[in-house]
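Only one structure is covered here, and it is reproduced in the block below.
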Amino acid sequence: MHVANLKGERRKLGGKENNRIRNRGLIPGVIYGHKEDPEFVSVGVKELRLALDELQHVVSLDIGAGVAQYLIKDVQYDHLNKDPIHIDLMRVDANERVRVRVAVELKGDPHGAHEGGVLTHVMTEIEVECGVMAIPELIEPNVSHLGLNESLHVRDLKLPEGVVALSDPDDVIATVKAHRGVVEAPVVEGEEAAAEPEMIGRVAKTDEPE
Amino acid sequence: MPAQMPKRVKWRKAQKGRIRGNATRGNKVEFGDFGLQSLEPGRVSGRQIEAGRIAAQHFLQREGRVYIRIFPHKPISSKPLETRMGKGKGDTDYWAALVKPGTVLFEIGGVTADVAKTTMLRIAHKMPVRCRFIERRHSL
């Protein structure tokens, strides 16, 4: 497993400090875990973006007390869900077991799709428990065997050794369902046939039961 | 399918209101693989949503699946032409969805990125707000 290196430093707290940090090409973050006091850091956004694009869960960071490895616990994004604005890092030991959410990427073209079905990717990530240094970047099940109205479940996944799925084994990862067809707009007589919705809580003038 | 509007409402008319701030909910791709995200605040009418849906489905034919993430809950009233001011609030003209920057308007699943991009461009032409194409991302 590849561990990304982040550049970081301790940061000051308060006021408009976070925006100043972001303007310098860094993002504010917090380190916690192992029942120690939290530490407030800022990390390089460029390296973090690379690590996130490569679906890295563990990063190494030097904030003055030597290089240590941390688990990325949470990343906050801006309102467009585009740029990271804050990161949560958790202290971990190399032989510790952790619970993480791992992305599921489907491989292959289901033959049900050629019979008029549409592949729907229901669960795009699953929760697993594994060693820190054995977190899989991706789980890539093959769905080419799926026919029409067939599903791939969590129990069907072939996980690497030491990785245990915590999601319900009966949960559906992907399914191939028949296409509902193109729904054509019916021709409405006149403009806006049913122009007014029903009123809640008002006694209808006609004797229609509610 | 006619333009969307609620089946039952508690009040026939609503105050104008203002669209402030950015979307904190409904700003991620949740159901499909690709999405169309609003970049500015605005009102999307039921007819515009329907026009987007038809544009997508005509282009996709029987491929993939389209998800509509917004619904026109708000009644927008207007006064008839050449009417004097006063005499109360006008009748409901249309129903609109209030959209904030970041709101995901449409999603598509079960198609390739190229097809999704072209479809979203066609939908974006029907929208009254500037939009961008986004992909589903891992939660981290």
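Residue numbers start at 1 in each chain; chains themselves are named A, B, ... in the order of the structure tokens; ligands are numbered from 1 in the order shown.
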I'd like a table as JSON lines: residues in chain B with an atom no more than 7 Å from chain A, each row giving the shortest atom pair and its distance in Å to one decimal, only C-alpha atoms counted, sorted by chain and rising residue number.
```
{"residue": "B:Met1", "atom": "CA", "partner": "A:Ala185", "partner_atom": "CA", "distance": 4.0}
{"residue": "B:Pro2", "atom": "CA", "partner": "A:Ala185", "partner_atom": "CA", "distance": 6.8}
{"residue": "B:Pro6", "atom": "CA", "partner": "A:Pro197", "partner_atom": "CA", "distance": 6.2}
{"residue": "B:Lys7", "atom": "CA", "partner": "A:Pro197", "partner_atom": "CA", "distance": 5.0}
{"residue": "B:Arg8", "atom": "CA", "partner": "A:Glu198", "partner_atom": "CA", "distance": 4.4}
{"residue": "B:Val9", "atom": "CA", "partner": "A:Met199", "partner_atom": "CA", "distance": 5.1}
{"residue": "B:Lys10", "atom": "CA", "partner": "A:Ile200", "partner_atom": "CA", "distance": 4.8}
{"residue": "B:Trp11", "atom": "CA", "partner": "A:Met199", "partner_atom": "CA", "distance": 7.0}
{"residue": "B:Asn22", "atom": "CA", "partner": "A:His79", "partner_atom": "CA", "distance": 6.0}
{"residue": "B:Ala23", "atom": "CA", "partner": "A:His79", "partner_atom": "CA", "distance": 6.0}
{"residue": "B:Thr24", "atom": "CA", "partner": "A:His79", "partner_atom": "CA", "distance": 6.3}
{"residue": "B:Asn27", "atom": "CA", "partner": "A:Leu80", "partner_atom": "CA", "distance": 6.7}
{"residue": "B:Lys28", "atom": "CA", "partner": "A:Asn81", "partner_atom": "CA", "distance": 6.9}
{"residue": "B:Gln57", "atom": "CA", "partner": "A:Val182", "partner_atom": "CA", "distance": 6.4}
{"residue": "B:Gln61", "atom": "CA", "partner": "A:Val182", "partner_atom": "CA", "distance": 6.7}
{"residue": "B:Arg62", "atom": "CA", "partner": "A:Gly181", "partner_atom": "CA", "distance": 6.0}
{"residue": "B:Gly64", "atom": "CA", "partner": "A:Val118", "partner_atom": "CA", "distance": 5.8}
{"residue": "B:Gly102", "atom": "CA", "partner": "A:Leu80", "partner_atom": "CA", "distance": 4.6}
{"residue": "B:Gly109", "atom": "CA", "partner": "A:Thr120", "partner_atom": "CA", "distance": 6.7}
{"residue": "B:Gly110", "atom": "CA", "partner": "A:Leu119", "partner_atom": "CA", "distance": 5.4}
{"residue": "B:His138", "atom": "CA", "partner": "A:Ala103", "partner_atom": "CA", "distance": 6.2}
{"residue": "B:Leu140", "atom": "CA", "partner": "A:Val75", "partner_atom": "CA", "distance": 5.6}
```
### Message
Give me the residues near B:Gly21 as a list of chain:residue names, where near means some atom within 9 Å (using only C-alpha atoms) and where sequence neighbours in that chain fewer than 5 positions away do not count.
### Response
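Selected residues are B:Pro41, B:Lys100, B:Pro101.
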### Message
So that I can see what lies close to B:Thr112, please list as a count of residues only the residues with an atom at most 12 Å from it, counting only C-alpha atoms and leaving out residues fewer than 5 positions away in the same chain.
### Response
13
### Query
Nearest to B:Arg69: which of B:Val104, B:Met85, B:Leu98, B:Ala56 is it, counting only C-alpha atoms?
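Counting only C-alpha atoms, the residue closest to B:Arg69 is B:Val104.
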### Task
To one decimal in Å, tell me the separation between atom CA of A:Tyr70 and atom CA of A:Lys12.
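That distance, rounded to one decimal, is 20.5 Å.
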### Task
Write out as a list in words the residues lying within 8 Å of B:Leu36, counting only C-alpha atoms and excluding same-chain residues fewer than 4 positions away.
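Returned residues: Val104, Leu105, Phe106, Glu107, Met120, Ala124, Cys131, Arg132, Phe133 and Ile134 of chain B.
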### Query
Could you pull the residues within 8 Å of A:Leu71, counting only C-alpha atoms, minus those fewer than 6 positions along the same chain, as a PyMOL selection string?
chain A and resi 57-59+89-92+132
### Task
Could you please write out, as a ChimeraX atom specification, every residue of stretch 3-163 of chain A that DSSP assigns to helix (DSSP H, G or I)?
/A:17-23,45-53,111-115,132-134,154-156
### Query
If you count only C-alpha atoms, which residues fall within 7 Å of A:Leu6, apart from same-chain ones fewer than 2 positions away, as a list in words?
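In the requested form, the answer reads Ala4, Gly8, Val43, Gly44, Glu47, Leu48, Val59, Ser60 and Leu61 of chain A.
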Mind writing the picked residues with N, CA, C and O atoms as a CSV table (one decimal), in the first residue's frame?
```csv
chain,number,residue,atom,x,y,z
A,4,ALA,N,1.0,8.4,1.0
A,4,ALA,CA,1.3,9.7,0.5
A,4,ALA,C,2.0,10.6,1.5
A,4,ALA,O,1.6,10.5,2.7
A,8,GLY,N,3.3,19.7,6.0
A,8,GLY,CA,2.4,20.3,7.0
A,8,GLY,C,3.2,21.1,8.1
A,8,GLY,O,4.4,21.0,8.2
A,43,VAL,N,-2.0,21.6,6.2
A,43,VAL,CA,-1.3,20.7,5.3
A,43,VAL,C,-1.4,21.3,3.8
A,43,VAL,O,-2.4,22.0,3.5
A,44,GLY,N,-0.5,20.9,3.0
A,44,GLY,CA,-0.4,21.4,1.6
A,44,GLY,C,-1.6,20.8,0.9
A,44,GLY,O,-1.8,19.6,0.8
A,47,GLU,N,-0.6,18.3,-2.4
A,47,GLU,CA,-0.3,16.9,-2.1
A,47,GLU,C,-1.5,16.2,-1.6
A,47,GLU,O,-1.7,15.0,-1.9
A,48,LEU,N,-2.4,16.9,-0.8
A,48,LEU,CA,-3.6,16.2,-0.3
A,48,LEU,C,-4.5,15.8,-1.4
A,48,LEU,O,-5.1,14.7,-1.4
A,59,VAL,N,-1.8,8.8,5.3
A,59,VAL,CA,-0.8,9.8,4.9
A,59,VAL,C,0.3,9.9,5.9
A,59,VAL,O,0.0,9.6,7.1
A,60,SER,N,1.5,10.3,5.5
A,60,SER,CA,2.6,10.5,6.5
A,60,SER,C,2.8,12.0,6.5
A,60,SER,O,2.7,12.7,5.5
A,61,LEU,N,3.0,12.5,7.7
A,61,LEU,CA,3.1,14.0,7.9
A,61,LEU,C,4.1,14.3,9.0
A,61,LEU,O,4.2,13.6,10.0
```
### Query
Looking at B:Gln15, B:Gln48, B:Gln4, B:Thr83, which one is nearest to B:Ile123, with distances taken over only C-alpha atoms?
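Selected residue with least distance to B:Ile123: B:Gln48.
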### Task
Report the residues of stretch 34-98 of chain A whose backbone DSSP state falls under strand (DSSP E or B), written as a ChimeraX atom specification.
/A:39-44,58-62,67-77,84-91,97-98
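Nearest to B:Ser139 of all the residues B:Ser78, B:Gly17, B:Gly42, B:Glu30 is B:Glu30, based on only C-alpha atoms.
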### Task
Mind giving me the straight-line distance from atom CA of A:Asn95 to atom CA of A:Ala134 in Å, one decimal?
9.5 Å
